[in-house]
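Coordinates as given in work01.txt (compact mmCIF, C-alpha atoms and all ligand atoms):
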```txt
# COMPACT_ATOMS: atom_id res chain seq x y z
CA MET A 1 -14.67 -4.20 -1.41
CA LYS A 2 -15.54 -4.28 2.26
CA HIS A 3 -13.01 -4.82 5.03
CA SER A 4 -14.79 -8.07 5.95
CA GLU A 5 -14.11 -9.46 2.45
CA LEU A 6 -10.32 -9.25 2.64
CA LYS A 7 -9.75 -12.74 4.06
CA LEU A 8 -12.44 -14.25 1.78
CA TYR A 9 -10.61 -12.94 -1.26
CA LYS A 10 -7.49 -14.75 -0.07
CA GLN A 11 -9.36 -17.95 0.78
CA ASN A 12 -10.92 -17.92 -2.72
CA SER A 13 -7.58 -17.08 -4.40
CA GLN A 14 -9.15 -13.89 -5.74
CA LYS A 15 -6.49 -11.22 -6.24
CA ILE A 16 -6.98 -7.80 -4.62
CA THR A 17 -6.45 -4.76 -6.84
CA CYS A 18 -5.29 -1.48 -5.38
CA LEU A 19 -4.05 1.84 -6.80
CA THR A 20 -3.23 5.14 -5.19
CA ALA A 21 -5.42 8.23 -5.56
CA TYR A 22 -5.02 11.70 -4.11
CA ASP A 23 -7.93 13.61 -5.65
CA ALA A 24 -11.66 13.20 -6.27
CA SER A 25 -11.57 12.80 -10.07
CA MET A 26 -9.04 9.97 -10.07
CA ALA A 27 -10.72 8.35 -7.05
CA LYS A 28 -14.11 8.38 -8.82
CA LEU A 29 -12.61 6.94 -12.00
CA LEU A 30 -10.91 4.12 -10.04
CA ASP A 31 -14.05 3.43 -8.02
CA ASN A 32 -16.23 3.30 -11.16
CA THR A 33 -13.73 1.02 -12.87
CA GLY A 34 -14.06 -1.57 -10.13
CA ILE A 35 -10.80 -1.27 -8.20
CA ASP A 36 -11.00 -3.17 -4.88
CA ALA A 37 -9.04 -0.71 -2.74
CA ILE A 38 -7.73 2.84 -3.01
CA LEU A 39 -4.67 3.94 -1.10
CA ILE A 40 -4.19 7.59 -0.27
CA GLY A 41 -0.46 7.05 -0.13
CA ASP A 42 2.07 9.41 1.33
CA SER A 43 3.70 8.96 -2.08
CA LEU A 44 1.75 12.17 -2.61
CA GLY A 45 4.83 13.86 -1.18
CA MET A 46 6.64 12.87 -4.36
CA VAL A 47 3.99 12.77 -7.08
CA ILE A 48 1.87 15.75 -5.93
CA GLN A 49 4.30 17.85 -3.92
CA GLY A 50 7.47 17.13 -5.94
CA ASP A 51 9.72 16.09 -3.06
CA ILE A 52 12.37 13.35 -3.32
CA ASN A 53 10.87 11.31 -0.47
CA THR A 54 7.66 11.01 1.56
CA ARG A 55 8.95 12.49 4.82
CA SER A 56 7.59 15.99 4.48
CA VAL A 57 3.97 14.85 4.19
CA SER A 58 1.98 16.13 7.16
CA MET A 59 -1.19 14.92 8.89
CA ARG A 60 -2.88 18.03 7.50
CA ASP A 61 -1.97 16.94 3.95
CA MET A 62 -3.21 13.40 4.60
CA LEU A 63 -6.51 14.59 6.09
CA TYR A 64 -7.18 16.86 3.11
CA HIS A 65 -6.42 14.20 0.47
CA THR A 66 -8.20 11.44 2.42
CA SER A 67 -11.39 13.47 2.74
CA ILE A 68 -11.57 14.41 -0.98
CA VAL A 69 -10.83 10.84 -2.13
CA ALA A 70 -13.24 9.22 0.33
CA LYS A 71 -16.11 11.54 -0.62
CA ALA A 72 -15.77 10.47 -4.27
CA CYS A 73 -15.92 6.70 -3.63
CA LYS A 74 -18.83 4.30 -3.14
CA ASN A 75 -17.32 0.83 -3.36
CA ALA A 76 -13.55 0.75 -2.91
CA LEU A 77 -11.94 0.11 0.46
CA ILE A 78 -10.28 3.37 1.49
CA ILE A 79 -6.83 3.03 3.05
CA ALA A 80 -4.91 6.11 4.24
CA ASP A 81 -1.22 6.26 5.01
CA MET A 82 -0.16 7.49 8.42
CA PRO A 83 2.61 9.92 7.48
CA PHE A 84 6.16 10.07 8.87
CA ARG A 85 6.23 10.92 12.61
CA SER A 86 2.44 10.61 12.99
CA TYR A 87 2.63 7.38 15.00
CA GLU A 88 5.54 7.90 17.34
CA ASP A 89 3.63 6.86 20.46
CA PRO A 90 0.32 5.03 20.97
CA GLN A 91 -1.73 8.06 22.05
CA ASN A 92 -0.50 10.32 19.27
CA ALA A 93 -1.02 7.49 16.77
CA LEU A 94 -4.57 6.89 18.03
CA ASN A 95 -5.50 10.58 17.77
CA ASN A 96 -4.10 10.80 14.23
CA ALA A 97 -5.65 7.51 13.09
CA ARG A 98 -9.04 8.61 14.44
CA ASP A 99 -8.73 11.86 12.48
CA LEU A 100 -8.06 9.89 9.28
CA ILE A 101 -11.07 7.63 9.97
CA ASP A 102 -13.25 10.68 10.70
CA ASN A 103 -12.19 12.01 7.29
CA GLY A 104 -13.31 8.87 5.45
CA ALA A 105 -10.50 6.29 5.74
CA GLN A 106 -11.62 2.73 6.54
CA MET A 107 -8.12 1.58 7.36
CA VAL A 108 -4.75 3.20 8.13
CA LYS A 109 -1.36 2.02 6.90
CA ILE A 110 1.75 2.00 9.08
CA GLU A 111 5.28 1.22 7.89
CA GLY A 112 7.41 -1.16 9.98
CA GLY A 113 7.05 -4.10 12.32
CA ILE A 114 7.96 -4.96 15.90
CA GLU A 115 9.08 -1.39 16.73
CA HIS A 116 5.43 -0.30 16.34
CA SER A 117 3.81 -3.19 18.26
CA GLU A 118 2.36 -0.97 21.00
CA VAL A 119 0.99 1.54 18.50
CA ILE A 120 -0.62 -1.20 16.41
CA LYS A 121 -2.12 -2.93 19.49
CA THR A 122 -3.60 0.38 20.63
CA LEU A 123 -5.15 1.14 17.24
CA ILE A 124 -6.63 -2.33 16.84
CA SER A 125 -8.00 -2.42 20.40
CA ASN A 126 -9.75 0.85 19.54
CA ASN A 127 -11.39 -0.72 16.47
CA ILE A 128 -9.14 0.90 13.90
CA ASN A 129 -8.29 -1.37 10.96
CA VAL A 130 -4.57 -1.45 10.24
CA CYS A 131 -2.64 -2.25 7.08
CA GLY A 132 1.04 -3.18 7.63
CA HIS A 133 3.90 -2.28 5.29
CA LEU A 134 7.18 -4.25 5.25
CA GLY A 135 10.16 -4.60 2.90
CA LEU A 136 11.14 -1.24 1.52
CA GLN A 137 9.76 1.42 3.87
CA PRO A 138 9.70 4.71 1.95
CA GLN A 139 9.53 6.77 5.17
CA LEU A 140 13.09 5.58 6.00
CA ILE A 141 14.42 6.91 2.69
CA VAL A 142 16.17 10.26 2.81
CA HIS A 143 18.13 10.29 -0.49
CA SER A 144 16.84 9.03 -3.83
CA GLY A 145 19.70 6.47 -4.19
CA GLU A 146 18.38 4.50 -1.21
CA TYR A 147 15.50 2.77 -3.02
CA LYS A 148 16.80 -0.82 -2.96
CA VAL A 149 15.37 -4.31 -2.91
CA GLN A 150 15.01 -5.56 0.68
CA GLY A 151 15.26 -9.07 2.13
CA ARG A 152 17.95 -10.34 -0.22
CA ASP A 153 20.16 -11.79 2.55
CA GLU A 154 19.10 -14.44 5.06
CA ASP A 155 18.91 -12.14 8.11
CA SER A 156 16.82 -9.43 6.49
CA ALA A 157 14.56 -12.03 4.83
CA GLN A 158 14.02 -13.69 8.23
CA SER A 159 13.25 -10.34 9.82
CA ILE A 160 10.56 -9.65 7.16
CA ILE A 161 9.07 -13.12 7.79
CA ASN A 162 9.10 -12.65 11.58
CA ASN A 163 7.56 -9.20 11.34
CA SER A 164 4.83 -10.46 8.97
CA VAL A 165 3.87 -13.21 11.43
CA LEU A 166 3.95 -10.71 14.29
CA LEU A 167 1.75 -8.18 12.46
CA GLU A 168 -0.79 -10.90 11.72
CA SER A 169 -0.81 -11.95 15.38
CA LEU A 170 -1.42 -8.32 16.43
CA GLY A 171 -4.55 -8.24 14.26
CA VAL A 172 -3.34 -6.33 11.21
CA SER A 173 -5.87 -6.84 8.35
CA VAL A 174 -3.63 -6.75 5.28
CA LEU A 175 0.08 -6.40 4.59
CA VAL A 176 1.85 -4.40 1.87
CA LEU A 177 5.17 -5.94 0.80
CA GLU A 178 7.35 -3.50 -1.12
CA CYS A 179 10.45 -4.31 -3.17
CA VAL A 180 11.27 -7.80 -1.98
CA PRO A 181 12.31 -10.88 -3.99
CA SER A 182 9.27 -12.81 -5.28
CA ASN A 183 10.29 -16.03 -3.52
CA LEU A 184 10.30 -14.22 -0.16
CA ALA A 185 6.89 -12.62 -0.85
CA LYS A 186 5.57 -16.05 -1.84
CA LEU A 187 6.84 -17.57 1.41
CA VAL A 188 5.25 -14.79 3.49
CA SER A 189 1.96 -15.02 1.56
CA GLU A 190 1.83 -18.77 2.23
CA GLN A 191 2.67 -18.39 5.91
CA ILE A 192 0.07 -15.83 6.94
CA LYS A 193 -3.70 -15.91 6.56
CA ILE A 194 -4.14 -12.18 6.00
CA PRO A 195 -3.70 -11.01 2.38
CA THR A 196 -0.41 -9.58 1.15
CA ILE A 197 -0.45 -6.76 -1.38
CA GLY A 198 2.75 -6.51 -3.37
CA ILE A 199 4.53 -3.66 -5.08
CA GLY A 200 7.74 -4.96 -6.61
CA ALA A 201 7.16 -8.25 -4.78
CA GLY A 202 6.21 -10.64 -7.59
CA ASN A 203 2.86 -12.11 -8.53
CA ASP A 204 2.47 -14.66 -5.74
CA CYS A 205 1.16 -11.92 -3.45
CA ASP A 206 -2.59 -11.93 -2.79
CA GLY A 207 -2.98 -8.55 -4.47
CA GLN A 208 -1.05 -5.72 -6.10
CA VAL A 209 -0.74 -1.99 -5.64
CA LEU A 210 0.93 0.66 -7.82
CA VAL A 211 1.20 4.42 -7.64
CA SER A 212 -1.39 5.59 -10.18
CA PHE A 213 0.92 8.30 -11.58
CA ASP A 214 3.55 5.60 -12.28
CA MET A 215 1.23 3.16 -14.06
CA LEU A 216 -0.13 5.97 -16.24
CA GLY A 217 3.35 7.14 -17.25
CA ILE A 218 2.99 10.57 -15.61
CA THR A 219 6.01 10.13 -13.33
CA SER A 220 9.18 11.23 -15.12
CA GLY A 221 12.63 9.64 -14.99
CA LYS A 222 13.76 6.03 -14.89
CA GLN A 223 11.13 3.79 -13.33
CA PRO A 224 11.79 0.72 -11.19
CA ARG A 225 11.35 -2.56 -13.00
CA PHE A 226 8.01 -3.32 -11.29
CA VAL A 227 6.31 -0.28 -12.85
CA ARG A 228 4.40 -0.94 -16.08
CA ASN A 229 2.90 1.93 -18.04
CA PHE A 230 -0.61 0.57 -18.72
CA LEU A 231 -1.51 3.63 -20.80
CA ASN A 232 1.05 2.62 -23.46
CA SER A 233 -1.24 -0.07 -24.81
CA GLN A 234 -4.60 1.64 -24.13
CA ASP A 235 -6.31 4.76 -25.43
CA SER A 236 -7.78 6.14 -22.21
CA ILE A 237 -7.05 6.27 -18.50
CA SER A 238 -10.05 4.13 -17.63
CA ALA A 239 -9.02 1.51 -20.22
CA ALA A 240 -5.51 1.49 -18.70
CA VAL A 241 -6.96 0.99 -15.21
CA LYS A 242 -9.27 -1.79 -16.49
CA SER A 243 -6.28 -3.48 -18.10
CA TYR A 244 -4.33 -3.26 -14.81
CA ILE A 245 -7.28 -4.77 -12.91
CA MET A 246 -7.63 -7.60 -15.43
CA GLU A 247 -3.91 -8.44 -15.45
CA VAL A 248 -3.70 -8.45 -11.65
CA LYS A 249 -6.84 -10.61 -11.35
CA GLU A 250 -5.47 -13.05 -13.93
CA GLY A 251 -2.02 -13.10 -12.33
CA THR A 252 -0.22 -11.85 -15.44
CA PHE A 253 0.94 -8.65 -13.73
CA PRO A 254 3.63 -8.43 -12.58
CA SER A 255 5.53 -10.70 -14.96
CA GLU A 256 8.82 -12.32 -13.99
CA SER A 257 10.80 -9.54 -15.66
CA GLU A 258 8.82 -7.03 -13.57
CA SER A 259 9.81 -8.81 -10.34
CA TYR A 260 13.00 -9.41 -8.32
O1 LIG B 1 2.59 5.80 -0.41
C1 LIG B 1 2.34 4.91 -1.22
O2 LIG B 1 1.89 5.13 -2.35
C2 LIG B 1 2.59 3.53 -0.81
C3 LIG B 1 2.60 2.49 -1.87
C4 LIG B 1 3.89 2.56 -2.58
C5 LIG B 1 2.35 1.12 -1.32
O3 LIG B 1 2.84 3.28 0.33
```
Whole structure, structure tokens version:
Amino acid sequence: MKHSELKLYKQNSQKITCLTAYDASMAKLLDNTGIDAILIGDSLGMVIQGDINTRSVSMRDMLYHTSIVAKACKNALIIADMPFRSYEDPQNALNNARDLIDNGAQMVKIEGGIEHSEVIKTLISNNINVCGHLGLQPQLIVHSGEYKVQGRDEDSAQSIINNSVLLESLGVSVLVLECVPSNLAKLVSEQIKIPTIGIGAGNDCDGQVLVSFDMLGITSGKQPRFVRNFLNSQDSISAAVKSYIMEVKEGTFPSESESY
């Protein structure tokens, strides 16, 4: 998928499929299987580095993983997370985002809304494509018990709506919505013209993303309800990825019981 196709997918009600990758082999497999977008997520802090949150991931880590993933891909849109504390002011954000782009990213992802307006304006005015991320923001999580559904009460739901509209007006290309009730994600997806990509946000989003290690059953411990192990019903990793792509495209993943 090309960046220019994002809005077309939404206009044509074609769902966008995205999974995370951190290494060349998985990236190549995803790319060959026909995934639309690959996210080099700072979830690598947890699934690769074994930490309990994403806050220790450095720019150096992100540059390394972005470059090895990007080199392995021909078709997928490559999105790289800007790690914790890498976008504290516009100039520092611009330098870091440029480094990610120079290492193969086609878009960078930033968690949060209005508090990052100046950073986002600076990146976009310097031709850097930006993906927003609202709802649960993993970079704000310090302890494992803090992973909770966001936007359940009226004020926090309104703040997610306002921030979504603001991010669109700033020129953000696509918006990840994490761990929010499906009716809120539906409302946001109907209100903005840029695509929403949900994770734990129901199937009315314009696309879906999962952490690849979660959907292949590699991650240990109790999984959130939005994680489905696609390898359970398939006999290979590429069949599991194909099944994920098909279910997202057909709108059967996530089901109601996999949503909030
Ligand atoms: O880091 C990551 O993998 C992410 C996804 C959970 C959206 O941000």
Each residue of chain A with at least one atom at most 6 Å from ligand LIG 1 (chain B) should appear once, together with its nearest atom pair and the corresponding distance in Å (one decimal); atoms considered: all atoms listed in the file; ordering: chain, then increasing residue number; output as a Markdown table.
```
| residue | atom | partner | partner_atom | distance |
| --- | --- | --- | --- | --- |
| A:Thr20 | CA | B:LIG1 | O2 | 5.9 |
| A:Gly41 | CA | B:LIG1 | O1 | 3.3 |
| A:Asp42 | CA | B:LIG1 | O1 | 4.0 |
| A:Ser43 | CA | B:LIG1 | O1 | 3.7 |
| A:Val211 | CA | B:LIG1 | O2 | 5.4 |
```
For the residues in that selection, give me C-alpha atoms as a compact mmCIF listing (two decimals), in the coordinates of the input.
```txt
# COMPACT_ATOMS: atom_id res chain seq x y z
CA THR A 20 -3.23 5.14 -5.19
CA GLY A 41 -0.46 7.05 -0.13
CA ASP A 42 2.07 9.41 1.33
CA SER A 43 3.70 8.96 -2.08
CA VAL A 211 1.20 4.42 -7.64
```
Using all atoms listed in the file: which of A:Ser67, A:Asn75, A:Glu115, A:Ile194 has the shortest distance to Leu30 (chain A): A:Asn75
Could you make a table, as CSV, of the residues of region 84-187 of chain A that have an atom within 9 Å of an atom of region 247-260 of chain A, each with its nearest atom pair and distance in Å to one decimal, counting all atoms listed in the file, in chain and number order?
```
residue,atom,partner,partner_atom,distance
A:Val149,CA,A:Tyr260,CA,7.8
A:Cys179,CA,A:Tyr260,CA,7.7
A:Val180,CA,A:Tyr260,CA,6.8
A:Pro181,CA,A:Tyr260,CA,4.6
A:Ser182,CA,A:Tyr260,CA,5.9
A:Asn183,CA,A:Tyr260,CA,8.6
```
Using only C-alpha atoms: which of A:Ser25, A:Gln91, A:Ser159, A:Ser233 has the shortest distance to Gly113 (chain A): A:Ser159
Near-Met107 (chain A) list (8 Å; all atoms listed in the file; drop same-chain fewer than 4 positions) as a list of chain:residue names: A:Ile78, A:Ile79, A:Ala80, A:Ile101, A:Ile128, A:Asn129, A:Val130, A:Cys131
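Minimum atom-to-atom distance to Leu170 (chain A), evaluated using all atoms listed in the file, belongs to A:Glu118 out of A:Asp153, A:Glu146, A:Glu118, A:Asp99.
The environment of Ala37 (chain A) within 7 Å, counting only C-alpha atoms and disregarding residues fewer than 6 places along the same chain, consists of Met1, Thr17, Cys18, Leu19, Ala76, Leu77 and Ile78 of chain A.
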Atomic distance CA of Lys109 (chain A) - CA of Met82 (chain A), expressed in Å with one decimal: 5.8 Å
Nearby residues (all atoms listed in the file) at most 10 Å from Leu6 (chain A), same-chain spacing under 3 positions excluded, as an NGL selection string: :A and (1-3 or 9-11 or 14-16 or 36 or 77 or 173-174 or 194-195 or 206)
Shortest interatomic distance to Pro138 (chain A) - which of A:Ile110, A:Val209, A:Leu39, A:Leu187, counting only C-alpha atoms: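 Looking only at the distances to Pro138 (chain A), the closest residue turns out to be A:Ile110.
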Residue nearest Asp51 (chain A) - candidates A:Pro90, A:Val142, A:Leu134, A:His116, atoms counted: only C-alpha atoms: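 Among the listed residues, A:Val142 lies closest to Asp51 (chain A).
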Selected residue, from A:Phe230, A:Tyr87, A:Tyr244, A:Tyr147, that lies nearest to Gly207 (chain A) when counting only C-alpha atoms: A:Tyr244
Answer as a ChimeraX atom specification, residues within 9 Å of (2.6, 2.2, -20.9) using only C-alpha atoms: /A:215-217,228-234,240
